[in-house]
Amino acid sequence: MKKVRITVMRMASYPELSREYEKPIQHACSMHLGQVFTAKGWQKPAGFCDSAWDSLSPFVMALAHGAEDLYDGWMQNPRSAMISCNDGFRPVSFLLEALDEDAD
């Protein structure tokens with residue numbers, strides 16, 4: 001099984017939706033632009049958002065097991081995927097890349 005690098009590529013925010021529909025949240029997201037995590041197969045990296053992991057983990061698992069050309073090859077790198085978390089108020093886009101090194 002391969003390791004998978006997860007990089008925070010973009011962070012969006014929709015404050016008008018938050019004001020209208022969301023209960024106030026003190027600290028909703030701790031991700032930072034450019035932040036990098038390494039997943040060892042199915043294991044969620046330390047400090048990674050639980051909710052984002054729920055969205056990303058099937059793709060991380062597929063890439064860790066050697067899957068390529070997800071979604072009929074829409075990525076330039078066939079061993080990668082661009083996936084966003086499911087937070088409709090503050091979606092974060094992540095670049096997932098299978099690494100050549102095996103997970104420990």
# chains A, B, ... in the order shown; residues from 1 in each chain; ligands from 1
call {"tool": "select_by_dssp", "arguments": {"residues": "range 15-97 of chain A", "states": "alpha helix (DSSP H)", "output": "PDB file with N, CA and C atoms, in the first residue's frame"}}
result
ATOM      1  N   PRO A  15     -19.862  33.335   3.928  1.00  0.00           N
ATOM      2  CA  PRO A  15     -20.396  33.914   5.167  1.00  0.00           C
ATOM      3  C   PRO A  15     -21.890  34.206   5.108  1.00  0.00           C
ATOM      4  N   GLU A  16     -22.414  34.525   3.907  1.00  0.00           N
ATOM      5  CA  GLU A  16     -23.854  34.798   3.820  1.00  0.00           C
ATOM      6  C   GLU A  16     -24.655  33.532   4.124  1.00  0.00           C
ATOM      7  N   LEU A  17     -24.175  32.374   3.712  1.00  0.00           N
ATOM      8  CA  LEU A  17     -24.846  31.118   4.055  1.00  0.00           C
ATOM      9  C   LEU A  17     -24.704  30.818   5.541  1.00  0.00           C
ATOM     10  N   SER A  18     -23.525  31.082   6.077  1.00  0.00           N
ATOM     11  CA  SER A  18     -23.295  30.856   7.505  1.00  0.00           C
ATOM     12  C   SER A  18     -24.226  31.717   8.348  1.00  0.00           C
ATOM     13  N   ARG A  19     -24.322  33.006   7.997  1.00  0.00           N
ATOM     14  CA  ARG A  19     -25.197  33.911   8.760  1.00  0.00           C
ATOM     15  C   ARG A  19     -26.649  33.456   8.726  1.00  0.00           C
ATOM     16  N   GLU A  20     -27.087  32.978   7.583  1.00  0.00           N
ATOM     17  CA  GLU A  20     -28.493  32.618   7.423  1.00  0.00           C
ATOM     18  C   GLU A  20     -28.852  31.253   7.997  1.00  0.00           C
ATOM     19  N   TYR A  21     -27.919  30.282   7.924  1.00  0.00           N
ATOM     20  CA  TYR A  21     -28.296  28.901   8.235  1.00  0.00           C
ATOM     21  C   TYR A  21     -27.513  28.217   9.345  1.00  0.00           C
ATOM     22  N   ASP A  50     -11.775  15.512  10.990  1.00  0.00           N
ATOM     23  CA  ASP A  50     -12.595  14.295  10.895  1.00  0.00           C
ATOM     24  C   ASP A  50     -13.605  14.377   9.754  1.00  0.00           C
ATOM     25  N   SER A  51     -14.272  15.503   9.628  1.00  0.00           N
ATOM     26  CA  SER A  51     -15.278  15.667   8.590  1.00  0.00           C
ATOM     27  C   SER A  51     -14.657  15.622   7.193  1.00  0.00           C
ATOM     28  N   ALA A  52     -13.520  16.284   7.017  1.00  0.00           N
ATOM     29  CA  ALA A  52     -12.841  16.243   5.720  1.00  0.00           C
ATOM     30  C   ALA A  52     -12.380  14.823   5.416  1.00  0.00           C
ATOM     31  N   TRP A  53     -11.896  14.105   6.426  1.00  0.00           N
ATOM     32  CA  TRP A  53     -11.446  12.732   6.215  1.00  0.00           C
ATOM     33  C   TRP A  53     -12.595  11.854   5.719  1.00  0.00           C
ATOM     34  N   ASP A  54     -13.799  12.090   6.238  1.00  0.00           N
ATOM     35  CA  ASP A  54     -14.954  11.326   5.773  1.00  0.00           C
ATOM     36  C   ASP A  54     -15.167  11.499   4.268  1.00  0.00           C
ATOM     37  N   SER A  55     -14.902  12.691   3.753  1.00  0.00           N
ATOM     38  CA  SER A  55     -15.058  12.966   2.324  1.00  0.00           C
ATOM     39  C   SER A  55     -13.904  12.398   1.504  1.00  0.00           C
ATOM     40  N   LEU A  56     -12.693  12.484   2.034  1.00  0.00           N
ATOM     41  CA  LEU A  56     -11.496  12.116   1.278  1.00  0.00           C
ATOM     42  C   LEU A  56     -11.101  10.657   1.380  1.00  0.00           C
ATOM     43  N   SER A  57     -11.417  10.008   2.482  1.00  0.00           N
ATOM     44  CA  SER A  57     -10.843   8.683   2.755  1.00  0.00           C
ATOM     45  C   SER A  57     -11.093   7.642   1.663  1.00  0.00           C
ATOM     46  N   PRO A  58     -12.249   7.587   0.993  1.00  0.00           N
ATOM     47  CA  PRO A  58     -12.393   6.595  -0.074  1.00  0.00           C
ATOM     48  C   PRO A  58     -11.403   6.811  -1.224  1.00  0.00           C
ATOM     49  N   PHE A  59     -11.104   8.064  -1.525  1.00  0.00           N
ATOM     50  CA  PHE A  59     -10.168   8.390  -2.600  1.00  0.00           C
ATOM     51  C   PHE A  59      -8.730   8.114  -2.160  1.00  0.00           C
ATOM     52  N   VAL A  60      -8.423   8.441  -0.906  1.00  0.00           N
ATOM     53  CA  VAL A  60      -7.095   8.145  -0.360  1.00  0.00           C
ATOM     54  C   VAL A  60      -6.864   6.636  -0.400  1.00  0.00           C
ATOM     55  N   MET A  61      -7.852   5.870   0.026  1.00  0.00           N
ATOM     56  CA  MET A  61      -7.731   4.412   0.051  1.00  0.00           C
ATOM     57  C   MET A  61      -7.523   3.856  -1.360  1.00  0.00           C
ATOM     58  N   ALA A  62      -8.273   4.369  -2.321  1.00  0.00           N
ATOM     59  CA  ALA A  62      -8.139   3.903  -3.706  1.00  0.00           C
ATOM     60  C   ALA A  62      -6.735   4.194  -4.235  1.00  0.00           C
ATOM     61  N   LEU A  63      -6.249   5.413  -4.033  1.00  0.00           N
ATOM     62  CA  LEU A  63      -4.915   5.774  -4.502  1.00  0.00           C
ATOM     63  C   LEU A  63      -3.835   4.968  -3.783  1.00  0.00           C
ATOM     64  N   ALA A  64      -4.017   4.729  -2.492  1.00  0.00           N
ATOM     65  CA  ALA A  64      -3.046   3.958  -1.719  1.00  0.00           C
ATOM     66  C   ALA A  64      -2.945   2.522  -2.231  1.00  0.00           C
ATOM     67  N   LEU A  70      -8.890   8.107 -11.785  1.00  0.00           N
ATOM     68  CA  LEU A  70     -10.195   8.236 -11.146  1.00  0.00           C
ATOM     69  C   LEU A  70     -11.087   9.149 -11.985  1.00  0.00           C
ATOM     70  N   TYR A  71     -12.343   8.868 -12.024  1.00  0.00           N
ATOM     71  CA  TYR A  71     -13.301   9.647 -12.812  1.00  0.00           C
ATOM     72  C   TYR A  71     -12.882   9.751 -14.276  1.00  0.00           C
ATOM     73  N   ASP A  72     -12.529   8.611 -14.845  1.00  0.00           N
ATOM     74  CA  ASP A  72     -12.193   8.523 -16.269  1.00  0.00           C
ATOM     75  C   ASP A  72     -11.023   9.415 -16.677  1.00  0.00           C
ATOM     76  N   GLY A  73     -10.074   9.603 -15.791  1.00  0.00           N
ATOM     77  CA  GLY A  73      -8.840  10.287 -16.144  1.00  0.00           C
ATOM     78  C   GLY A  73      -8.915  11.794 -16.254  1.00  0.00           C
TER      79      GLY A  73
END
call {"tool": "residues_around", "arguments": {"residues": "Glu101 in chain A", "least_positions_apart": "5", "cutoff": "12 Å", "atoms": "only C-alpha atoms", "output": "PyMOL selection string"}}
result
chain A and resi 1-5+38-41+64+66
call {"tool": "select_by_dssp", "arguments": {"residues": "range 41-84 of chain A", "states": "strand (DSSP E or B)", "output": "short mmCIF file (atom, residue, chain, number, x, y, z; two decimals) with C-alpha atoms, in the first residue's frame"}}
result
data_model
loop_
_atom_site.label_atom_id
_atom_site.label_comp_id
_atom_site.auth_asym_id
_atom_site.auth_seq_id
_atom_site.Cartn_x
_atom_site.Cartn_y
_atom_site.Cartn_z
CA GLN A 43 -5.08 5.79 8.51
CA SER A 80 -3.92 12.00 -8.09
CA ALA A 81 -7.33 13.50 -7.34
CA MET A 82 -8.69 16.94 -6.40
CA ILE A 83 -11.34 16.41 -3.73
CA SER A 84 -13.20 18.86 -1.49
#
call {"tool": "atom_distance", "arguments": {"atom1": "CA of Glu68 in chain A", "atom2": "CA of Gln35 in chain A"}}
result
23.9 Å
call {"tool": "residues_around", "arguments": {"residues": "range 92-94 of chain A", "least_positions_apart": "6", "cutoff": "7 Å", "atoms": "only C-alpha atoms", "output": "ChimeraX atom specification"}}
result
/A:6-12,82-85
call {"tool": "write_last_selection", "arguments": {"atoms": "N, CA and C atoms", "output": "PDB file, in the first residue's frame"}}
result
ATOM      1  N   ILE A   6      -1.539  14.654   1.024  1.00  0.00           N
ATOM      2  CA  ILE A   6      -2.766  15.455   0.987  1.00  0.00           C
ATOM      3  C   ILE A   6      -2.356  16.908   1.206  1.00  0.00           C
ATOM      4  N   THR A   7      -2.610  17.758   0.210  1.00  0.00           N
ATOM      5  CA  THR A   7      -2.214  19.164   0.292  1.00  0.00           C
ATOM      6  C   THR A   7      -3.447  20.055   0.237  1.00  0.00           C
ATOM      7  N   VAL A   8      -3.549  21.001   1.167  1.00  0.00           N
ATOM      8  CA  VAL A   8      -4.640  21.980   1.162  1.00  0.00           C
ATOM      9  C   VAL A   8      -4.360  22.973   0.035  1.00  0.00           C
ATOM     10  N   MET A   9      -5.216  22.966  -0.986  1.00  0.00           N
ATOM     11  CA  MET A   9      -4.987  23.794  -2.169  1.00  0.00           C
ATOM     12  C   MET A   9      -5.818  25.083  -2.187  1.00  0.00           C
ATOM     13  N   ARG A  10      -7.017  25.018  -1.668  1.00  0.00           N
ATOM     14  CA  ARG A  10      -7.887  26.195  -1.698  1.00  0.00           C
ATOM     15  C   ARG A  10      -8.881  26.104  -0.553  1.00  0.00           C
ATOM     16  N   MET A  11      -9.197  27.257  -0.003  1.00  0.00           N
ATOM     17  CA  MET A  11     -10.175  27.337   1.075  1.00  0.00           C
ATOM     18  C   MET A  11     -11.187  28.415   0.709  1.00  0.00           C
ATOM     19  N   ALA A  12     -12.438  28.038   0.680  1.00  0.00           N
ATOM     20  CA  ALA A  12     -13.505  28.989   0.355  1.00  0.00           C
ATOM     21  C   ALA A  12     -14.325  29.266   1.610  1.00  0.00           C
ATOM     22  N   MET A  82      -8.370  15.679  -7.075  1.00  0.00           N
ATOM     23  CA  MET A  82      -8.685  16.941  -6.397  1.00  0.00           C
ATOM     24  C   MET A  82     -10.064  16.740  -5.779  1.00  0.00           C
ATOM     25  N   ILE A  83     -10.113  16.725  -4.456  1.00  0.00           N
ATOM     26  CA  ILE A  83     -11.339  16.409  -3.732  1.00  0.00           C
ATOM     27  C   ILE A  83     -11.590  17.496  -2.695  1.00  0.00           C
ATOM     28  N   SER A  84     -12.849  17.861  -2.498  1.00  0.00           N
ATOM     29  CA  SER A  84     -13.202  18.861  -1.494  1.00  0.00           C
ATOM     30  C   SER A  84     -13.939  18.216  -0.331  1.00  0.00           C
ATOM     31  N   CYS A  85     -13.805  18.816   0.827  1.00  0.00           N
ATOM     32  CA  CYS A  85     -14.566  18.348   1.982  1.00  0.00           C
ATOM     33  C   CYS A  85     -16.032  18.718   1.782  1.00  0.00           C
TER      34      CYS A  85
END
call {"tool": "atom_distance", "arguments": {"atom1": "CA of Trp42 in chain A", "atom2": "CA of Asp102 in chain A"}}
result
12.6 Å
call {"tool": "atom_distance", "arguments": {"atom1": "CA of Leu33 in chain A", "atom2": "CA of Leu96 in chain A"}}
result
14.4 Å
call {"tool": "closest_residue", "arguments": {"among": "A:Cys49, A:Leu99, A:Phe37, A:Phe89", "to": "Lys23 in chain A", "atoms": "only C-alpha atoms"}}
result
A:Phe89
